[in-house]
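Asker: File follows, model-v2.txt with compact mmCIF, C-alpha atoms and all ligand atoms:
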```txt
# COMPACT_ATOMS: atom_id res chain seq x y z
CA MET A 211 12.50 -107.05 -77.65
CA GLY A 212 9.24 -108.13 -79.32
CA THR A 213 7.64 -104.76 -78.45
CA GLU A 214 10.66 -102.91 -79.95
CA ASP A 215 10.24 -104.87 -83.21
CA ASN A 216 6.55 -104.03 -83.30
CA ASN A 217 7.37 -100.35 -82.69
CA ASP A 218 9.92 -100.44 -85.53
CA ARG A 219 7.34 -102.00 -87.84
CA ASP A 220 4.73 -99.42 -86.85
CA ASN A 221 7.16 -96.58 -87.58
CA ILE A 222 8.02 -97.80 -91.06
CA ILE A 223 6.73 -95.57 -93.85
CA GLY A 224 8.23 -97.66 -96.63
CA PHE A 225 10.63 -95.39 -98.50
CA ALA A 226 13.61 -97.52 -97.51
CA THR A 227 12.76 -99.60 -100.59
CA LEU A 228 13.49 -96.62 -102.86
CA PRO A 229 17.01 -97.83 -103.80
CA GLU A 230 15.51 -101.22 -104.77
CA GLN A 231 12.85 -99.50 -106.88
CA VAL A 232 15.49 -97.42 -108.65
CA HIS A 233 17.64 -100.51 -109.08
CA ARG A 234 14.77 -102.54 -110.57
CA LYS A 235 13.81 -99.73 -112.94
CA SER A 236 17.40 -99.20 -114.13
CA VAL A 237 17.96 -102.93 -114.66
CA LYS A 238 14.74 -103.13 -116.67
CA ARG A 239 15.72 -100.17 -118.82
CA GLY A 240 19.29 -101.41 -119.32
CA PHE A 241 22.44 -99.34 -119.57
CA ASP A 242 24.09 -97.53 -122.48
CA PHE A 243 27.76 -96.89 -122.78
CA THR A 244 29.68 -95.49 -125.71
CA LEU A 245 33.39 -95.98 -125.96
CA MET A 246 35.56 -94.46 -128.64
CA VAL A 247 38.95 -95.88 -129.56
CA VAL A 248 41.49 -93.62 -131.18
CA GLY A 249 44.97 -94.44 -132.39
CA GLU A 250 46.73 -95.44 -135.57
CA SER A 251 45.92 -98.78 -137.11
CA GLY A 252 47.81 -101.83 -135.87
CA LEU A 253 48.14 -100.57 -132.28
CA GLY A 254 45.82 -103.32 -131.02
CA LYS A 255 42.59 -101.33 -130.58
CA SER A 256 40.22 -104.01 -131.85
CA THR A 257 42.03 -106.75 -129.95
CA LEU A 258 41.80 -104.74 -126.75
CA VAL A 259 38.09 -104.02 -127.17
CA ASN A 260 37.45 -107.73 -127.79
CA SER A 261 39.48 -108.59 -124.69
CA LEU A 262 37.63 -106.01 -122.59
CA PHE A 263 34.13 -107.13 -123.48
CA LEU A 264 34.88 -110.78 -124.29
CA THR A 265 33.29 -110.54 -127.72
CA ASP A 266 34.44 -110.46 -131.30
CA ILE A 267 33.07 -107.10 -132.24
CA TYR A 268 35.23 -106.76 -135.37
CA LYS A 269 34.44 -110.07 -137.12
CA ASP A 270 33.63 -108.48 -140.47
CA ARG A 271 36.34 -105.81 -140.49
CA VAL A 272 38.05 -105.11 -143.83
CA LEU A 273 41.56 -103.73 -143.51
CA PRO A 274 42.70 -101.05 -145.99
CA THR A 275 45.71 -101.65 -148.24
CA ALA A 276 48.94 -99.71 -147.66
CA GLN A 277 48.10 -97.33 -150.53
CA GLU A 278 44.59 -96.78 -149.17
CA SER A 279 46.02 -96.06 -145.71
CA VAL A 280 48.40 -93.41 -147.02
CA GLU A 281 45.59 -91.54 -148.75
CA LYS A 282 42.88 -92.27 -146.23
CA THR A 283 41.10 -89.66 -144.19
CA VAL A 284 39.72 -90.47 -140.76
CA ASP A 285 36.56 -92.52 -140.83
CA ILE A 286 34.03 -93.05 -138.07
CA GLN A 287 32.66 -96.57 -137.64
CA LYS A 288 30.13 -97.48 -135.02
CA LYS A 289 29.16 -100.89 -133.71
CA THR A 290 26.60 -101.64 -131.04
CA ILE A 291 26.27 -104.90 -129.18
CA GLU A 292 24.05 -105.92 -126.31
CA ILE A 293 25.72 -107.85 -123.57
CA GLU A 294 24.09 -109.28 -120.51
CA GLU A 295 25.56 -110.24 -117.17
CA LYS A 296 23.49 -111.53 -114.23
CA GLY A 297 20.32 -110.10 -115.79
CA VAL A 298 21.85 -106.64 -116.31
CA LYS A 299 21.83 -105.51 -119.93
CA LEU A 300 24.51 -103.26 -121.35
CA ARG A 301 24.15 -101.69 -124.78
CA LEU A 302 27.74 -101.09 -125.67
CA THR A 303 28.64 -98.93 -128.61
CA VAL A 304 32.22 -98.89 -129.78
CA VAL A 305 33.16 -96.05 -132.09
CA ASP A 306 36.30 -96.72 -134.06
CA THR A 307 38.30 -94.12 -135.96
CA PRO A 308 40.08 -96.05 -138.72
CA GLY A 309 42.58 -93.95 -140.58
CA PHE A 310 43.54 -91.85 -137.55
CA GLY A 311 47.29 -91.19 -137.67
CA ASP A 312 47.73 -93.35 -140.79
CA ALA A 313 48.02 -90.81 -143.58
CA VAL A 314 51.17 -88.88 -144.43
CA ASN A 315 49.64 -85.67 -143.17
CA CYS A 316 47.63 -86.20 -139.99
CA ASP A 317 47.60 -82.58 -138.83
CA GLU A 318 43.85 -82.26 -138.85
CA ASN A 319 42.81 -85.80 -137.87
CA TRP A 320 41.35 -84.49 -134.63
CA LYS A 321 38.81 -82.43 -136.57
CA THR A 322 36.82 -85.48 -137.71
CA VAL A 323 36.61 -86.74 -134.16
CA GLU A 324 35.69 -83.33 -132.78
CA ARG A 325 32.96 -82.95 -135.39
CA TYR A 326 31.56 -86.35 -134.46
CA VAL A 327 31.60 -85.59 -130.73
CA ASP A 328 29.84 -82.26 -131.35
CA GLU A 329 27.27 -83.90 -133.60
CA GLN A 330 26.35 -86.34 -130.85
CA PHE A 331 26.01 -83.51 -128.32
CA ASN A 332 23.92 -81.55 -130.78
CA ARG A 333 21.69 -84.53 -131.45
CA TYR A 334 21.14 -84.95 -127.73
CA PHE A 335 20.44 -81.22 -127.37
CA GLN A 336 17.82 -81.37 -130.14
CA ASP A 337 16.27 -84.52 -128.65
CA GLU A 338 16.10 -82.90 -125.23
CA SER A 339 14.02 -80.05 -126.62
CA GLY A 340 11.83 -82.41 -128.65
CA LEU A 341 8.56 -84.12 -127.82
CA ASN A 342 9.96 -87.54 -127.01
CA ARG A 343 12.34 -86.36 -124.30
CA LYS A 344 11.81 -89.37 -122.11
CA ASN A 345 13.10 -91.90 -124.61
CA ILE A 346 16.26 -90.19 -125.76
CA GLN A 347 18.90 -92.53 -127.10
CA ASP A 348 22.21 -91.38 -125.74
CA HIS A 349 24.88 -91.50 -128.45
CA ARG A 350 27.32 -89.20 -126.70
CA ILE A 351 30.88 -90.45 -126.28
CA HIS A 352 31.42 -91.34 -122.64
CA CYS A 353 35.06 -92.25 -122.88
CA VAL A 354 37.89 -92.10 -125.41
CA LEU A 355 40.62 -94.70 -125.09
CA TYR A 356 43.58 -92.96 -126.68
CA PHE A 357 46.25 -95.43 -127.83
CA ILE A 358 49.86 -94.28 -127.56
CA PRO A 359 52.47 -96.39 -129.37
CA PRO A 360 54.97 -98.16 -127.10
CA TYR A 361 57.99 -97.27 -129.23
CA GLY A 362 58.12 -93.50 -128.64
CA HIS A 363 59.60 -91.39 -125.87
CA GLY A 364 56.54 -89.36 -125.00
CA LEU A 365 53.62 -87.61 -126.66
CA ARG A 366 53.93 -86.83 -130.35
CA GLN A 367 52.57 -83.68 -131.97
CA LEU A 368 49.56 -85.68 -133.20
CA ASP A 369 48.75 -86.87 -129.66
CA VAL A 370 49.15 -83.41 -128.13
CA GLU A 371 46.96 -81.83 -130.79
CA PHE A 372 44.22 -84.43 -130.39
CA MET A 373 44.15 -84.25 -126.61
CA ARG A 374 44.29 -80.46 -126.45
CA ARG A 375 41.46 -80.12 -128.93
CA LEU A 376 39.21 -82.66 -127.27
CA HIS A 377 39.97 -82.72 -123.55
CA ARG A 378 37.13 -80.32 -122.77
CA LYS A 379 34.62 -82.36 -124.74
CA VAL A 380 35.29 -85.98 -123.77
CA ASN A 381 36.85 -88.09 -121.04
CA ILE A 382 40.24 -89.06 -122.42
CA VAL A 383 41.89 -92.15 -120.94
CA PRO A 384 45.37 -92.58 -122.42
CA VAL A 385 46.75 -96.12 -122.76
CA ILE A 386 50.16 -97.43 -123.80
CA ALA A 387 49.46 -100.00 -126.50
CA LYS A 388 51.22 -103.37 -126.85
CA ALA A 389 52.94 -103.05 -123.49
CA ASP A 390 54.39 -106.57 -123.84
CA THR A 391 57.00 -105.03 -126.12
CA LEU A 392 58.44 -103.05 -123.21
CA THR A 393 60.29 -104.07 -120.02
CA LYS A 394 59.02 -102.96 -116.62
CA THR A 395 61.63 -100.21 -116.44
CA GLU A 396 60.81 -98.99 -119.93
CA ILE A 397 57.12 -98.86 -119.08
CA ALA A 398 57.82 -96.82 -115.92
CA LYS A 399 60.02 -94.42 -117.91
CA LEU A 400 57.48 -94.00 -120.71
CA LYS A 401 54.64 -93.44 -118.23
CA SER A 402 56.62 -90.77 -116.45
CA SER A 403 57.51 -88.88 -119.63
CA LEU A 404 53.91 -89.12 -120.89
CA LEU A 405 52.62 -87.67 -117.62
CA ASN A 406 55.18 -84.86 -117.86
CA ASP A 407 54.06 -84.05 -121.40
CA ILE A 408 50.41 -84.13 -120.40
CA ASP A 409 51.19 -81.72 -117.58
CA GLU A 410 53.38 -79.48 -119.69
CA HIS A 411 50.74 -79.11 -122.40
CA LYS A 412 48.02 -78.50 -119.80
CA ILE A 413 46.01 -81.44 -121.02
CA LYS A 414 43.18 -82.54 -118.77
CA ILE A 415 42.77 -86.27 -119.09
CA TYR A 416 39.94 -88.01 -117.23
CA GLN A 417 40.36 -87.35 -113.50
CA PHE A 418 39.31 -90.09 -111.14
CA PRO A 419 36.95 -88.79 -108.49
CA ASP A 420 38.25 -88.66 -104.94
CA CYS A 421 37.56 -91.75 -102.94
CA ASP A 422 34.91 -91.30 -100.19
CA SER A 423 36.44 -91.32 -96.70
CA ASP A 424 33.93 -93.96 -95.51
CA GLU A 425 35.03 -96.51 -98.14
CA ASP A 426 36.77 -99.61 -96.83
CA ASP A 427 40.56 -99.94 -96.95
CA ASP A 428 40.57 -102.42 -99.84
CA PHE A 429 38.58 -100.07 -102.01
CA LYS A 430 40.85 -97.15 -101.06
CA GLN A 431 43.91 -99.22 -101.98
CA GLN A 432 42.36 -100.26 -105.30
CA ASP A 433 41.55 -96.63 -106.03
CA ALA A 434 45.11 -95.52 -105.23
CA ASP A 435 46.51 -98.31 -107.47
CA LEU A 436 44.28 -97.23 -110.35
CA LYS A 437 45.32 -93.59 -110.05
CA SER A 438 49.02 -94.43 -109.89
CA SER A 439 48.85 -96.65 -112.99
CA ILE A 440 47.79 -93.97 -115.47
CA PRO A 441 48.46 -94.12 -118.40
CA PHE A 442 47.53 -97.80 -118.35
CA ALA A 443 50.02 -100.05 -120.11
CA VAL A 444 47.83 -102.62 -121.84
CA ILE A 445 48.09 -105.88 -123.74
CA GLY A 446 45.29 -107.43 -125.77
CA SER A 447 44.72 -110.91 -127.10
CA ASN A 448 42.02 -112.85 -128.88
CA CYS A 449 43.45 -116.21 -127.74
CA ILE A 450 42.63 -118.31 -124.73
CA ILE A 451 45.63 -120.35 -123.62
CA ASP A 452 45.58 -123.37 -121.34
CA ILE A 453 48.28 -123.12 -118.67
CA ALA A 454 48.25 -126.33 -116.60
CA GLY A 455 44.47 -126.53 -116.69
CA ARG A 456 44.06 -122.81 -116.09
CA LYS A 457 42.48 -121.02 -119.05
CA VAL A 458 43.86 -117.54 -119.56
CA ARG A 459 43.61 -114.86 -122.19
CA GLY A 460 47.14 -114.31 -123.32
CA ARG A 461 49.83 -114.14 -125.95
CA GLN A 462 52.13 -117.08 -126.44
CA TYR A 463 55.72 -116.37 -127.46
CA PRO A 464 58.62 -118.80 -127.94
CA TRP A 465 60.03 -117.57 -124.62
CA GLY A 466 56.85 -117.59 -122.58
CA ILE A 467 53.25 -116.56 -122.15
CA VAL A 468 52.02 -113.05 -121.48
CA GLU A 469 48.79 -113.07 -119.51
CA VAL A 470 46.50 -110.21 -120.33
CA GLU A 471 44.71 -110.23 -116.97
CA ASN A 472 47.79 -110.72 -114.80
CA SER A 473 48.58 -107.45 -112.99
CA GLU A 474 52.27 -108.44 -112.94
CA HIS A 475 52.26 -108.42 -116.73
CA CYS A 476 50.25 -105.31 -117.54
CA ASP A 477 47.49 -102.87 -116.45
CA PHE A 478 44.72 -104.46 -118.54
CA GLY A 479 42.89 -105.66 -115.39
CA LYS A 480 43.02 -102.18 -113.89
CA LEU A 481 41.71 -100.61 -117.08
CA ARG A 482 38.87 -103.11 -117.21
CA THR A 483 38.01 -102.60 -113.54
CA MET A 484 38.02 -98.86 -113.98
CA LEU A 485 36.09 -98.79 -117.26
CA ILE A 486 33.48 -101.38 -116.44
CA SER A 487 33.23 -102.17 -112.73
CA THR A 488 34.02 -98.99 -110.86
CA HIS A 489 33.93 -95.86 -113.03
CA MET A 490 31.51 -96.46 -115.91
CA GLN A 491 28.80 -94.42 -114.21
CA ASP A 492 31.24 -91.65 -113.28
CA LEU A 493 32.39 -91.43 -116.91
CA LYS A 494 28.75 -91.00 -117.90
CA ASP A 495 28.14 -88.44 -115.14
CA VAL A 496 31.16 -86.36 -116.13
CA THR A 497 30.01 -86.50 -119.77
CA GLN A 498 26.55 -85.26 -118.74
CA ASP A 499 27.45 -82.78 -116.01
CA ILE A 500 30.61 -81.24 -117.38
CA HIS A 501 31.22 -81.87 -121.09
CA TYR A 502 27.60 -81.79 -122.25
CA GLU A 503 26.75 -78.89 -119.92
CA ASN A 504 29.63 -76.89 -121.48
CA PHE A 505 28.29 -77.64 -124.93
CA ARG A 506 24.74 -76.78 -123.88
CA ALA A 507 25.81 -73.50 -122.27
CA GLN A 508 27.63 -72.57 -125.47
CA CYS A 509 24.59 -73.43 -127.57
CA ILE A 510 22.29 -71.37 -125.38
CA SER A 511 24.63 -68.38 -125.38
CA GLN A 512 24.91 -68.60 -129.18
CA MET A 513 21.13 -68.80 -129.46
CA GLN A 514 20.83 -65.76 -127.18
CA GLN A 515 23.26 -63.83 -129.35
CA VAL A 516 21.30 -64.73 -132.47
CA ALA A 517 18.06 -63.72 -130.71
CA LEU A 518 19.62 -60.39 -129.66
CA LYS A 519 20.78 -59.75 -133.21
CA GLU A 520 17.32 -60.58 -134.53
CA ARG A 521 15.76 -58.24 -131.98
CA GLY A 522 18.15 -55.46 -132.96
CA LYS A 523 17.30 -56.02 -136.61
CA LEU A 524 13.57 -56.07 -135.83
CA LYS A 525 13.94 -52.83 -133.85
CA ARG A 526 15.74 -51.18 -136.74
CA ASP A 527 13.11 -52.44 -139.19
CA SER A 528 10.23 -51.22 -137.03
CA ALA A 529 11.95 -47.82 -136.65
CA VAL A 530 12.04 -47.62 -140.43
CA ASN A 531 8.36 -48.61 -140.52
CA ILE A 532 7.51 -45.94 -137.96
CA ASP A 533 9.35 -43.39 -140.12
CA GLN A 534 7.38 -44.62 -143.09
CA ILE A 535 4.13 -44.27 -141.10
CA GLY A 536 5.20 -40.69 -140.22
CA GLY A 537 5.85 -40.07 -143.91
CA THR A 538 2.45 -41.51 -144.82
CA ASP A 539 0.72 -39.15 -142.37
CA THR A 540 2.40 -36.18 -143.97
CA LEU A 541 1.37 -37.46 -147.37
CA LEU A 542 -2.22 -37.81 -146.15
CA GLN A 543 -2.24 -34.23 -144.90
CA GLN A 544 -0.93 -32.97 -148.22
CA LYS A 545 -3.60 -34.92 -150.09
CA ASP A 546 -6.33 -33.61 -147.75
CA GLU A 547 -5.15 -30.11 -148.46
CA GLU A 548 -5.14 -30.72 -152.24
CA ILE A 549 -8.67 -32.14 -152.10
CA ARG A 550 -9.88 -29.24 -149.95
CA LYS A 551 -8.52 -26.83 -152.57
CA MET A 552 -10.13 -28.83 -155.37
CA GLN A 553 -13.47 -28.74 -153.50
CA GLU A 554 -13.18 -25.00 -153.17
CA MET A 555 -12.51 -24.72 -156.87
CA LEU A 556 -15.45 -27.00 -157.69
CA SER A 557 -17.89 -25.10 -155.52
CA GLN A 558 -16.72 -21.88 -157.15
CA MET A 559 -17.28 -23.48 -160.55
CA GLN A 560 -20.76 -24.69 -159.46
CA GLU A 561 -21.62 -21.19 -158.24
CA LYS A 562 -20.55 -19.71 -161.58
CA LEU A 563 -22.57 -22.31 -163.51
CA LYS A 564 -25.64 -21.56 -161.39
CA GLU A 565 -25.15 -17.85 -161.98
CA SER A 566 -24.88 -18.49 -165.72
CA GLY A 567 -28.22 -20.44 -165.53
CA LYS A 568 -26.71 -23.81 -166.49
CA ASP A 569 -27.25 -26.92 -164.36
CA PRO A 570 -24.11 -28.43 -163.03
CA LEU A 571 -23.53 -31.66 -165.02
CA VAL A 572 -22.37 -33.62 -162.10
CA ASN A 573 -22.43 -33.38 -158.40
CA LEU A 574 -18.78 -33.08 -157.73
CA SER A 575 -18.94 -32.85 -153.96
CA MET A 576 -16.71 -35.16 -151.97
CA GLU A 577 -16.74 -36.60 -148.44
CA PRO A 578 -13.38 -35.40 -147.21
CA GLY A 579 -12.56 -38.06 -144.58
CA LYS A 580 -13.38 -41.31 -146.42
CA THR A 581 -12.48 -40.43 -149.95
CA ASN A 582 -9.23 -38.76 -148.95
CA ARG A 583 -7.96 -41.82 -147.14
CA ASP A 584 -9.09 -44.23 -149.90
CA SER A 585 -7.46 -42.19 -152.55
CA VAL A 586 -4.26 -41.95 -150.58
CA ILE A 587 -4.19 -45.68 -150.20
CA ASN A 588 -4.67 -46.01 -153.94
CA VAL A 589 -1.91 -43.55 -154.50
CA GLN A 590 0.39 -45.75 -152.45
P1 LIG A 601 43.97 -102.10 -134.65
O1 LIG A 601 44.21 -101.86 -136.11
O2 LIG A 601 44.46 -100.97 -133.83
O3 LIG A 601 42.55 -102.44 -134.36
O4 LIG A 601 44.90 -103.34 -134.24
P2 LIG A 601 44.52 -104.89 -134.13
O5 LIG A 601 43.76 -105.15 -132.88
O6 LIG A 601 43.92 -105.37 -135.39
O7 LIG A 601 45.98 -105.53 -133.92
C1 LIG A 601 46.98 -105.43 -134.91
C2 LIG A 601 48.02 -106.53 -134.69
O8 LIG A 601 48.64 -106.39 -133.41
C3 LIG A 601 47.41 -107.93 -134.69
O9 LIG A 601 48.34 -108.80 -135.30
C4 LIG A 601 47.28 -108.29 -133.22
O10 LIG A 601 47.37 -109.66 -132.97
C5 LIG A 601 48.48 -107.56 -132.64
N1 LIG A 601 48.27 -107.15 -131.25
C6 LIG A 601 47.10 -106.74 -130.71
N2 LIG A 601 47.28 -106.44 -129.41
C7 LIG A 601 48.58 -106.67 -129.15
C8 LIG A 601 49.37 -106.56 -127.97
O11 LIG A 601 48.90 -106.16 -126.91
N3 LIG A 601 50.69 -106.88 -128.07
C9 LIG A 601 51.25 -107.30 -129.21
N4 LIG A 601 52.54 -107.61 -129.21
N5 LIG A 601 50.53 -107.42 -130.36
C10 LIG A 601 49.22 -107.12 -130.32
```
Would you mind writing the file's structure down as structure tokens?
Ligand code: GDP

Answerer:
Amino acid sequence: MGTEDNNDRDNIIGFATLPEQVHRKSVKRGFDFTLMVVGESGLGKSTLVNSLFLTDIYKDRVLPTAQESVEKTVDIQKKTIEIEEKGVKLRLTVVDTPGFGDAVNCDENWKTVERYVDEQFNRYFQDESGLNRKNIQDHRIHCVLYFIPPYGHGLRQLDVEFMRRLHRKVNIVPVIAKADTLTKTEIAKLKSSLLNDIDEHKIKIYQFPDCDSDEDDDFKQQDADLKSSIPFAVIGSNCIIDIAGRKVRGRQYPWGIVEVENSEHCDFGKLRTMLISTHMQDLKDVTQDIHYENFRAQCISQMQQVALKERGKLKRDSAVNIDQIGGTDTLLQQKDEEIRKMQEMLSQMQEKLKESGKDPLVNLSMEPGKTNRDSVINVQ
């Protein structure tokens, strides 16, 4: 036994510590995650974000008046907080879209969001080609929580338009807001019609990756539960209620208490598990490997097209230049010929002057090569 241990020790190279090294490095660097919340005002977005990350991220929020809401266009507001748990730091950025779905005409609300998403991709693309590539700050949106009102019967035109325009650029996770206003049966019915609409409009919401076959049964069950709960029916609350010594986050009504984290009451717990504990890294990976790669490929192909156009233009320009050079040569030949004739005339004149006994006043001879070319250049 002792000899076997010694043999094992002798055969160790040391790379088994690689996961620890990666772990230590990542923990030191900290993690970034950017979440965007989209949905009309009053659907409980801020309350849900506070409940998810146990902070009051919207302390200083100023709500618009009714008149302002009617006229308002979509705004983009960004807040970053650093949270720490067991020595692991998370830089969480929440991007809010106040004004979305609030105005009378919301037809183009998706455009502001799309522009913002593209800007972040573009910023990353520029940073990647810059000098400080190693310290890029990632501002790309890793997940969009899309809030669907609980009082409808399915997706509205606004929801369809938003999702169809953005599903290839961001991970969309749809949620049914304020689910405490619905009974269990109503929630099941709404979920089913939302899924039908999503399917019918060929919308690709965030797809959970397949569970590895070597995962334990509990994990597989949890994964199956998560997948079957989409779209998550959520409840948010900023209040902690004491129920017989048990402190819970919930909403107290005259007829009872709704517990936010109770899976019998809503899917908040599942959403939090998915978003924070199990799929945060996958959301980031999909953003990097699929959405950003699509954007990057498009950028590169556009750049190639521009380069091709430029090359074509350059070719045309140089062809014109070559023509001009051809023209210049002809011009030079003509000038040479003219000068040769003039020289002939001059020598004849000199001969005549000599014959008449008068000295030529000037020596009018010319060096054909040099003078010709200089004069031609002056002519030009
Ligand atoms: P936001 O404008 O979308 O950010 O909505 P807020 O988070 O400010 O919530 C608007 C109102 O809805 C507030 O009075 C909240 O207390 C209430 N609210 C938030 N979440 C829920 C919920 O899950 N259920 C119910 N019934 N009300 C909620």

Asker: Can you list, as number ranges by chain, every protein, DNA or RNA residue that comes within 10 Å of Asn472 of chain A when you count all atoms listed in the file, leaving out same-chain residues fewer than 6 positions away?

Answerer: A: 458-460, 478-480

Asker: Quote the spacing between atom CA of Phe241 of chain A and atom CA of Asp477 of chain A in Å to one decimal place.

Answerer: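 One can read the atom CA of Phe241 of chain A to atom CA of Asp477 of chain A distance as 25.5 Å.
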
Asker: Separation of atom CA of Gln336 of chain A and atom CA of Asp306 of chain A, in Å?

Answerer: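 According to the coordinates, atom CA of Gln336 of chain A and atom CA of Asp306 of chain A are separated by 24.3 Å.
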
Asker: At a cut-off of 10 Å around ligand LIG 601 (chain A), and using all atoms listed in the file, what residues come up? Please write them as a PyMOL selection string.

Answerer: chain A and resi 247-261+268+271+273+306-310+357+360+386-392+443-449+460-463+468+470+476+478

Asker: Do you have the atom CA of Lys296 of chain A-atom CA of Met484 of chain A distance handy?

Answerer: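 The value is 19.3 Å.
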
Asker: Tell me, counting only C-alpha atoms, for each residue of segment 348-448 of chain A within 10 Å of segment 491-505 of chain A, which pair of atoms is nearest and how far apart they are in Å to one decimal, in rows ordered by chain and increasing number, as CSV.

Answerer:
```
residue,atom,partner,partner_atom,distance
A:Arg350,CA,A:Thr497,CA,7.9
A:Ile351,CA,A:Thr497,CA,7.7
A:His352,CA,A:Lys494,CA,5.5
A:Cys353,CA,A:Leu493,CA,6.6
A:His377,CA,A:His501,CA,9.1
A:Arg378,CA,A:His501,CA,6.3
A:Lys379,CA,A:His501,CA,5.0
A:Val380,CA,A:His501,CA,6.4
A:Asn381,CA,A:Leu493,CA,6.9
A:Ile382,CA,A:Leu493,CA,9.9
A:Tyr416,CA,A:Leu493,CA,8.3
A:Gln417,CA,A:Leu493,CA,9.6
A:Phe418,CA,A:Asp492,CA,8.5
A:Pro419,CA,A:Asp492,CA,8.0
```

Asker: Can you work out which one of A:Asp328, A:Asp242, A:Glu469, A:Asp527 has the shortest atom-to-atom distance to Met490 of chain A, counting all atoms listed in the file?

Answerer: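 Checking each of A:Asp328, A:Asp242, A:Glu469, A:Asp527 against Met490 of chain A, counting all atoms listed in the file, the winner is A:Asp242.
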